[in-house]
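Student: This is work_7.tsv (TSV, C-alpha atoms and all ligand atoms).
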```
chain	number	residue	atom	x	y	z
A	1	MET	CA	8.76	-31.92	0.39
A	2	ASN	CA	5.55	-30.01	-0.21
A	3	LYS	CA	3.72	-30.13	-3.55
A	4	LYS	CA	5.09	-26.80	-4.79
A	5	ARG	CA	8.71	-27.77	-4.06
A	6	LYS	CA	8.18	-31.25	-5.51
A	7	ASP	CA	6.92	-29.74	-8.79
A	8	ILE	CA	10.02	-27.53	-9.01
A	9	TYR	CA	12.32	-30.46	-8.08
A	10	ASP	CA	10.74	-32.62	-10.79
A	11	LYS	CA	11.62	-30.09	-13.51
A	12	SER	CA	15.13	-31.55	-13.49
A	13	ASN	CA	14.50	-34.87	-11.73
A	14	GLY	CA	16.44	-33.57	-8.75
A	15	LYS	CA	19.46	-32.10	-10.53
A	16	CYS	CA	20.79	-28.55	-10.15
A	17	PHE	CA	19.46	-26.64	-13.13
A	18	TYR	CA	22.83	-24.93	-13.66
A	19	CYS	CA	25.65	-27.35	-12.74
A	20	GLY	CA	23.70	-30.60	-12.84
A	21	CYS	CA	24.76	-31.94	-9.42
A	22	GLU	CA	22.39	-34.26	-7.52
A	23	LEU	CA	20.31	-32.17	-5.14
A	24	GLY	CA	18.96	-34.66	-2.64
A	25	GLU	CA	15.74	-34.07	-0.73
A	26	LYS	CA	16.83	-31.10	1.39
A	27	GLY	CA	19.04	-28.03	1.22
A	28	TRP	CA	18.38	-27.07	-2.41
A	29	HIS	CA	17.04	-23.68	-3.43
A	30	ALA	CA	14.09	-22.75	-5.61
A	31	ASP	CA	15.71	-20.16	-7.87
A	32	HIS	CA	13.98	-17.50	-9.94
A	33	PHE	CA	15.44	-18.18	-13.40
A	34	HIS	CA	14.73	-14.59	-14.42
A	35	PRO	CA	15.65	-12.67	-11.26
A	36	ILE	CA	12.97	-10.71	-9.45
A	37	ILE	CA	14.89	-8.75	-6.82
A	38	ARG	CA	15.16	-5.05	-7.45
A	39	ILE	CA	17.77	-2.60	-6.32
A	40	ASN	CA	15.89	0.31	-4.89
A	41	ASP	CA	18.38	2.97	-3.91
A	42	TYR	CA	20.37	3.71	-6.97
A	43	GLU	CA	22.27	6.37	-8.86
A	44	ILE	CA	24.04	6.60	-12.19
A	45	LYS	CA	27.84	6.80	-12.26
A	46	ASP	CA	29.77	6.67	-15.51
A	47	HIS	CA	26.64	5.52	-17.33
A	48	LYS	CA	26.33	2.57	-14.95
A	49	LEU	CA	23.61	1.94	-12.44
A	50	ILE	CA	25.06	1.69	-8.93
A	51	GLY	CA	22.62	0.48	-6.36
A	52	LYS	CA	21.87	-1.23	-3.09
A	53	ASP	CA	19.77	-4.36	-3.09
A	54	THR	CA	16.85	-3.69	-0.77
A	55	GLY	CA	15.23	-7.05	-1.46
A	56	LYS	CA	12.05	-5.40	-2.68
A	57	ARG	CA	10.42	-7.40	-5.44
A	58	VAL	CA	9.75	-6.08	-8.86
A	59	HIS	CA	7.90	-7.84	-11.70
A	60	PRO	CA	5.23	-9.76	-9.81
A	61	ASP	CA	4.75	-11.58	-13.14
A	62	LEU	CA	8.16	-13.20	-12.73
A	63	ASP	CA	7.35	-14.49	-9.23
A	64	CYS	CA	5.52	-17.50	-10.65
A	65	ASP	CA	5.95	-21.29	-10.77
A	66	GLU	CA	7.06	-21.26	-14.43
A	67	ASN	CA	10.03	-19.10	-13.44
A	68	LEU	CA	11.18	-21.30	-10.53
A	69	VAL	CA	13.89	-23.91	-11.07
A	70	PRO	CA	15.80	-26.21	-8.69
A	71	SER	CA	19.33	-25.09	-7.89
A	72	CYS	CA	22.08	-26.23	-5.54
A	73	ALA	CA	22.86	-23.66	-2.85
A	74	PRO	CA	26.30	-22.65	-4.24
A	75	CYS	CA	24.94	-22.02	-7.77
A	76	ASN	CA	21.98	-20.06	-6.39
A	77	LEU	CA	24.18	-17.96	-4.09
A	78	PHE	CA	26.63	-17.26	-6.91
A	79	LYS	CA	23.81	-16.34	-9.30
A	80	THR	CA	22.17	-13.87	-6.86
A	81	THR	CA	20.24	-11.46	-9.10
A	82	TYR	CA	22.14	-12.19	-12.34
A	83	SER	CA	20.41	-12.93	-15.60
A	84	ILE	CA	21.51	-16.19	-17.24
A	85	ASP	CA	23.76	-14.34	-19.72
A	86	PHE	CA	25.37	-12.28	-16.98
A	87	LEU	CA	25.90	-15.45	-14.94
A	88	ARG	CA	27.68	-16.99	-17.93
A	89	LYS	CA	29.99	-13.95	-18.17
A	90	GLU	CA	30.68	-13.99	-14.43
A	91	ILE	CA	31.64	-17.68	-14.49
A	92	THR	CA	34.01	-17.03	-17.41
A	93	ALA	CA	35.51	-14.11	-15.46
A	94	GLN	CA	36.45	-16.49	-12.63
A	95	PHE	CA	39.66	-17.58	-14.38
A	96	GLU	CA	41.24	-14.16	-13.99
A	97	ARG	CA	39.82	-13.62	-10.50
A	98	VAL	CA	41.04	-16.93	-9.11
A	99	ARG	CA	44.46	-16.45	-10.75
A	100	ALA	CA	44.78	-13.00	-9.23
A	101	LYS	CA	43.75	-14.10	-5.74
A	102	SER	CA	44.94	-17.67	-5.29
A	103	SER	CA	48.65	-18.46	-5.23
A	104	GLY	CA	47.67	-22.13	-4.76
A	105	PHE	CA	45.74	-22.09	-8.01
A	106	LYS	CA	48.69	-20.49	-9.85
A	107	MET	CA	51.03	-23.10	-8.39
A	108	LEU	CA	48.81	-25.97	-9.51
A	109	GLU	CA	48.59	-24.40	-12.96
A	110	ARG	CA	52.38	-23.91	-13.20
A	111	MET	CA	52.95	-27.52	-12.19
A	112	GLY	CA	50.55	-28.73	-14.84
A	113	LEU	CA	48.27	-30.31	-12.24
A	114	ILE	CA	45.21	-28.42	-13.44
A	115	THR	CA	44.24	-27.43	-16.93
A	116	CYS	CA	41.98	-24.46	-17.56
A	117	HIS	CA	39.60	-24.39	-20.49
A	118	GLU	CA	39.25	-20.65	-20.84
A	119	ASN	CA	37.81	-20.67	-24.34
A	120	LYS	CA	35.30	-23.40	-23.62
A	121	PRO	CA	31.80	-21.89	-23.60
A	122	VAL	CA	29.85	-22.14	-20.35
A	123	LYS	CA	26.97	-24.51	-20.93
A	124	PHE	CA	24.45	-24.98	-18.14
A	125	TRP	CA	22.88	-28.32	-17.33
A	126	PHE	CA	19.44	-27.28	-18.59
A	127	GLU	CA	20.99	-26.19	-21.91
A	128	LYS	CA	22.78	-29.51	-22.33
A	129	LYS	CA	19.42	-31.21	-21.76
A	130	GLY	CA	17.72	-28.96	-24.33
A	131	ILE	CA	15.30	-27.46	-21.81
A	132	VAL	CA	13.95	-24.13	-23.07
A	133	MET	CA	12.78	-21.72	-20.40
A	134	PRO	CA	9.97	-19.23	-21.06
A	135	SER	CA	11.40	-15.84	-21.98
A	136	LYS	CA	11.02	-12.83	-19.74
A	137	SER	CA	8.65	-11.19	-22.21
A	138	GLU	CA	6.46	-14.32	-22.27
A	139	LEU	CA	6.25	-14.38	-18.47
A	140	MET	CA	5.66	-10.62	-18.32
A	141	ASN	CA	3.01	-10.87	-21.03
A	142	LEU	CA	4.85	-8.50	-23.34
A	143	HIS	CA	5.15	-8.40	-27.13
A	144	PRO	CA	7.34	-11.36	-28.23
A	145	ASP	CA	9.80	-9.04	-30.00
A	146	SER	CA	10.33	-6.85	-26.90
A	147	GLU	CA	13.68	-8.52	-26.20
A	148	VAL	CA	14.67	-8.60	-29.88
A	149	ILE	CA	14.63	-4.82	-30.47
A	150	LYS	CA	18.20	-3.51	-30.49
A	151	TRP	CA	18.85	-0.31	-28.59
A	152	LYS	CA	21.85	1.71	-29.71
A	153	PRO	CA	23.79	4.05	-27.45
A	154	ASP	CA	23.70	7.82	-28.00
A	155	ASP	CA	25.09	10.73	-25.92
A	156	ASP	CA	22.82	10.56	-22.88
A	157	CYS	CA	20.36	7.87	-23.91
A	158	VAL	CA	19.79	4.73	-25.94
A	159	TYR	CA	17.56	4.72	-29.00
A	160	CYS	CA	15.85	2.39	-31.44
A	161	GLU	CA	13.63	2.67	-34.50
A	162	VAL	CA	10.25	0.97	-34.27
A	163	ASN	CA	7.01	1.46	-36.21
A	164	ASP	CA	8.44	4.43	-38.18
A	165	ARG	CA	9.43	6.29	-35.07
A	166	VAL	CA	12.70	7.01	-33.31
A	167	CYS	CA	12.39	6.08	-29.65
A	168	THR	CA	14.82	7.33	-27.03
A	169	LEU	CA	15.17	5.94	-23.52
A	170	ARG	CA	16.93	7.78	-20.73
A	171	MET	CA	16.82	8.01	-16.96
A	172	VAL	CA	15.19	11.19	-15.64
A	173	ASN	CA	14.65	11.68	-11.90
A	174	ASN	CA	15.17	7.98	-11.21
A	175	ASN	CA	12.50	6.98	-13.72
A	176	TRP	CA	13.05	5.71	-17.23
A	177	LEU	CA	11.56	8.07	-19.80
A	178	CYS	CA	10.83	6.82	-23.32
A	179	ILE	CA	9.96	9.34	-26.04
A	180	ALA	CA	8.80	8.18	-29.46
A	181	THR	CA	9.13	10.77	-32.23
A	182	GLY	CA	7.51	10.31	-35.64
A	183	LYS	CA	8.50	11.82	-39.00
A	184	ASP	CA	5.80	14.46	-38.45
A	185	TRP	CA	7.48	15.30	-35.12
A	186	ILE	CA	4.48	14.07	-33.17
A	187	GLN	CA	5.71	12.69	-29.88
A	188	ASP	CA	4.37	10.19	-27.39
A	189	ARG	CA	6.06	9.56	-24.09
A	190	ILE	CA	5.87	7.06	-21.25
A	191	GLU	CA	7.71	6.58	-17.95
A	192	PHE	CA	8.72	3.36	-16.20
A	193	ASP	CA	9.97	3.05	-12.66
A	194	CYS	CA	11.80	-0.24	-13.24
A	195	CYS	CA	15.42	0.37	-12.40
A	196	TYR	CA	17.38	-2.18	-14.41
A	197	GLU	CA	18.23	-0.78	-17.81
A	198	GLY	CA	17.51	-4.17	-19.39
A	199	ASP	CA	13.99	-4.20	-17.97
A	200	ALA	CA	13.32	-0.62	-19.03
A	201	LYS	CA	14.42	-1.53	-22.57
A	202	ILE	CA	12.03	-4.50	-22.71
A	203	LYS	CA	9.09	-2.47	-21.39
A	204	ALA	CA	9.83	0.49	-23.66
A	205	ALA	CA	10.14	-1.81	-26.69
A	206	ASN	CA	6.82	-3.43	-25.77
A	207	TRP	CA	5.18	0.01	-25.64
A	208	CYS	CA	6.59	0.89	-29.06
A	209	LEU	CA	5.64	-2.47	-30.61
A	210	ASN	CA	2.09	-2.13	-29.29
A	211	GLY	CA	1.66	1.17	-31.13
A	212	PHE	CA	2.68	3.49	-28.28
A	213	ASN	CA	-0.38	2.65	-26.21
A	214	ALA	CA	0.02	2.41	-22.46
A	215	LYS	CA	-1.60	-0.82	-21.31
B	301	ZN	ZN	24.63	-26.13	-9.01
```
Would you put the structure from the file into structure tokens?
Tutor:
Amino acid sequence: MNKKRKDIYDKSNGKCFYCGCELGEKGWHADHFHPIIRINDYEIKDHKLIGKDTGKRVHPDLDCDENLVPSCAPCNLFKTTYSIDFLRKEITAQFERVRAKSSGFKMLERMGLITCHENKPVKFWFEKKGIVMPSKSELMNLHPDSEVIKWKPDDDCVYCEVNDRVCTLRMVNNNWLCIATGKDWIQDRIEFDCCYEGDAKIKAANWCLNGFNAK
């Protein structure tokens, strides 16, 4: 194991960061806790972003040692480009998926040979151990409240109120456009090419919190 991999491995003393299984020396993955893969070819359908993963990296700031954690291969492959909260939802959604697809699972359930804990919250190994990961805004060097700002949905955009201005965020020509309007109707605007709505919200909030100055 080289030094870089050893440092990642030691973050959990050789356990999978998510399920907690023993990893052993080989075959484990170094996972980006906050995902860095971008989908590049995308379009909006029914207010949802539909896209193809081209593997191109976005957020060079997130491609750093602080964001790498040891994971078993199955957890890493299941997680793909999910955020930790989306991963939690996807795991919870497995009950219905497995029930719909596996007659064996339904049989075992009917016979009382397996018990499902559907209302039990998904708790990852690192959470049980009290490990706190740096937030995305910390790693991206953004204002600490960038992820706290709540965006509310409107007709064709989302909006928030920051620093006495109403800020709207919408996708225009495959870029995210944020317009901040003050009480005096003075407007400032900025565009971001990040394609995940969540990322655009964080960056737009950072811009608003920093007084509408492009860094
Ligand atoms: Zn695992």
Student: Determine, for each residue of chain A having at least one atom at most 10 Å from an atom of ligand ZN 301 (chain B), the closest pair of atoms and their separation in Å to one decimal, counting all atoms listed in the file; order by chain and ascending number, as CSV.
Tutor:
```
residue,atom,partner,partner_atom,distance
A:Lys15,CA,B:ZN301,ZN,8.0
A:Cys16,CA,B:ZN301,ZN,4.7
A:Phe17,CA,B:ZN301,ZN,6.6
A:Tyr18,CA,B:ZN301,ZN,5.1
A:Cys19,CA,B:ZN301,ZN,4.1
A:Gly20,CA,B:ZN301,ZN,6.0
A:Cys21,CA,B:ZN301,ZN,5.8
A:Glu22,CA,B:ZN301,ZN,8.6
A:Leu23,CA,B:ZN301,ZN,8.4
A:Trp28,CA,B:ZN301,ZN,9.1
A:His29,CA,B:ZN301,ZN,9.7
A:Pro70,CA,B:ZN301,ZN,8.8
A:Ser71,CA,B:ZN301,ZN,5.5
A:Cys72,CA,B:ZN301,ZN,4.3
A:Ala73,CA,B:ZN301,ZN,6.9
A:Pro74,CA,B:ZN301,ZN,6.1
A:Cys75,CA,B:ZN301,ZN,4.3
A:Asn76,CA,B:ZN301,ZN,7.1
A:Leu77,CA,B:ZN301,ZN,9.5
A:Phe78,CA,B:ZN301,ZN,9.3
A:Lys79,CA,B:ZN301,ZN,9.8
A:Phe124,CA,B:ZN301,ZN,9.2
A:Trp125,CA,B:ZN301,ZN,8.8
```
Student: Quick one: everything within 8 Å of Cys208 of chain A, counting all atoms listed in the file, minus sequence neighbours fewer than 5 positions away in the same chain. Send it as a list in words.
Tutor: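 Everything that qualifies: Val162, Asn163, Cys167, Ala180 and Asn213 of chain A.
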Student: Give me the residues near Ser137 of chain A as a VMD selection string, where near means some atom within 7 Å (using only C-alpha atoms) and where sequence neighbours in that chain fewer than 4 positions away do not count.
Tutor: chain A and resid 141 to 144 146 to 147
Student: As a PyMOL selection string, please: the residues near segment 83-94 of chain A (cut-off 12 Å, all atoms listed in the file, same-chain neighbours under 2 positions excluded).
Tutor: chain A and resi 17-19+31-37+75-81+96-102+105+116-124+126-127+133+135-136+196+198-199
Student: Would you output that residue set with C-alpha atoms, as a CSV table (one decimal), in the frame of the given file?
Tutor:
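So the final result, stored in part-v1.csv, reads:
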```
chain,number,residue,atom,x,y,z
A,17,PHE,CA,19.5,-26.6,-13.1
A,18,TYR,CA,22.8,-24.9,-13.7
A,19,CYS,CA,25.6,-27.4,-12.7
A,31,ASP,CA,15.7,-20.2,-7.9
A,32,HIS,CA,14.0,-17.5,-9.9
A,33,PHE,CA,15.4,-18.2,-13.4
A,34,HIS,CA,14.7,-14.6,-14.4
A,35,PRO,CA,15.6,-12.7,-11.3
A,36,ILE,CA,13.0,-10.7,-9.4
A,37,ILE,CA,14.9,-8.8,-6.8
A,75,CYS,CA,24.9,-22.0,-7.8
A,76,ASN,CA,22.0,-20.1,-6.4
A,77,LEU,CA,24.2,-18.0,-4.1
A,78,PHE,CA,26.6,-17.3,-6.9
A,79,LYS,CA,23.8,-16.3,-9.3
A,80,THR,CA,22.2,-13.9,-6.9
A,81,THR,CA,20.2,-11.5,-9.1
A,96,GLU,CA,41.2,-14.2,-14.0
A,97,ARG,CA,39.8,-13.6,-10.5
A,98,VAL,CA,41.0,-16.9,-9.1
A,99,ARG,CA,44.5,-16.4,-10.8
A,100,ALA,CA,44.8,-13.0,-9.2
A,101,LYS,CA,43.8,-14.1,-5.7
A,102,SER,CA,44.9,-17.7,-5.3
A,105,PHE,CA,45.7,-22.1,-8.0
A,116,CYS,CA,42.0,-24.5,-17.6
A,117,HIS,CA,39.6,-24.4,-20.5
A,118,GLU,CA,39.2,-20.6,-20.8
A,119,ASN,CA,37.8,-20.7,-24.3
A,120,LYS,CA,35.3,-23.4,-23.6
A,121,PRO,CA,31.8,-21.9,-23.6
A,122,VAL,CA,29.8,-22.1,-20.4
A,123,LYS,CA,27.0,-24.5,-20.9
A,124,PHE,CA,24.4,-25.0,-18.1
A,126,PHE,CA,19.4,-27.3,-18.6
A,127,GLU,CA,21.0,-26.2,-21.9
A,133,MET,CA,12.8,-21.7,-20.4
A,135,SER,CA,11.4,-15.8,-22.0
A,136,LYS,CA,11.0,-12.8,-19.7
A,196,TYR,CA,17.4,-2.2,-14.4
A,198,GLY,CA,17.5,-4.2,-19.4
A,199,ASP,CA,14.0,-4.2,-18.0
```
Student: What is the atom CA of Thr115 of chain A-atom CA of Lys129 of chain A distance in Å, reported with one decimal?
Tutor: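 Rounded to one decimal, the two atoms are 25.6 Å apart.
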Student: Could you pull out every residue with an atom within 6 Å of (6.8, 10.4, -26.4), file coordinates, counting all atoms listed in the file, and send them as a list in words?
Tutor: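 Counting all atoms listed in the file, I find these residues within 6 Å of (6.8, 10.4, -26.4): Ile179, Ala180, Gln187, Asp188 and Arg189 of chain A.
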Student: List as a ChimeraX atom specification the protein and nucleic acid residues near segment 151-157 of chain A, meaning an atom at most 7 Å away when all atoms listed in the file are counted, but skip any in the same chain fewer than 6 places from it.
Tutor: /A:168-170
Student: Using all atoms listed in the file, which residue out of A:Leu62, A:Met140, A:Ala30, A:Met111 lies closest to Lys6 of chain A?
Tutor: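 Nearest to Lys6 of chain A: A:Ala30.
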Student: As an exercise, work out the distance from atom CA of Lys11 of chain A to atom CA of Val69 of chain A in Å and give it to one decimal place.
Tutor: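 So the answer is 7.0 Å.
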Student: Between atom CA of Lys128 of chain A and atom CA of Gly24 of chain A, what is the distance in Å, rounded to a tenth?
Tutor: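 Distance between the two atoms: 20.7 Å.
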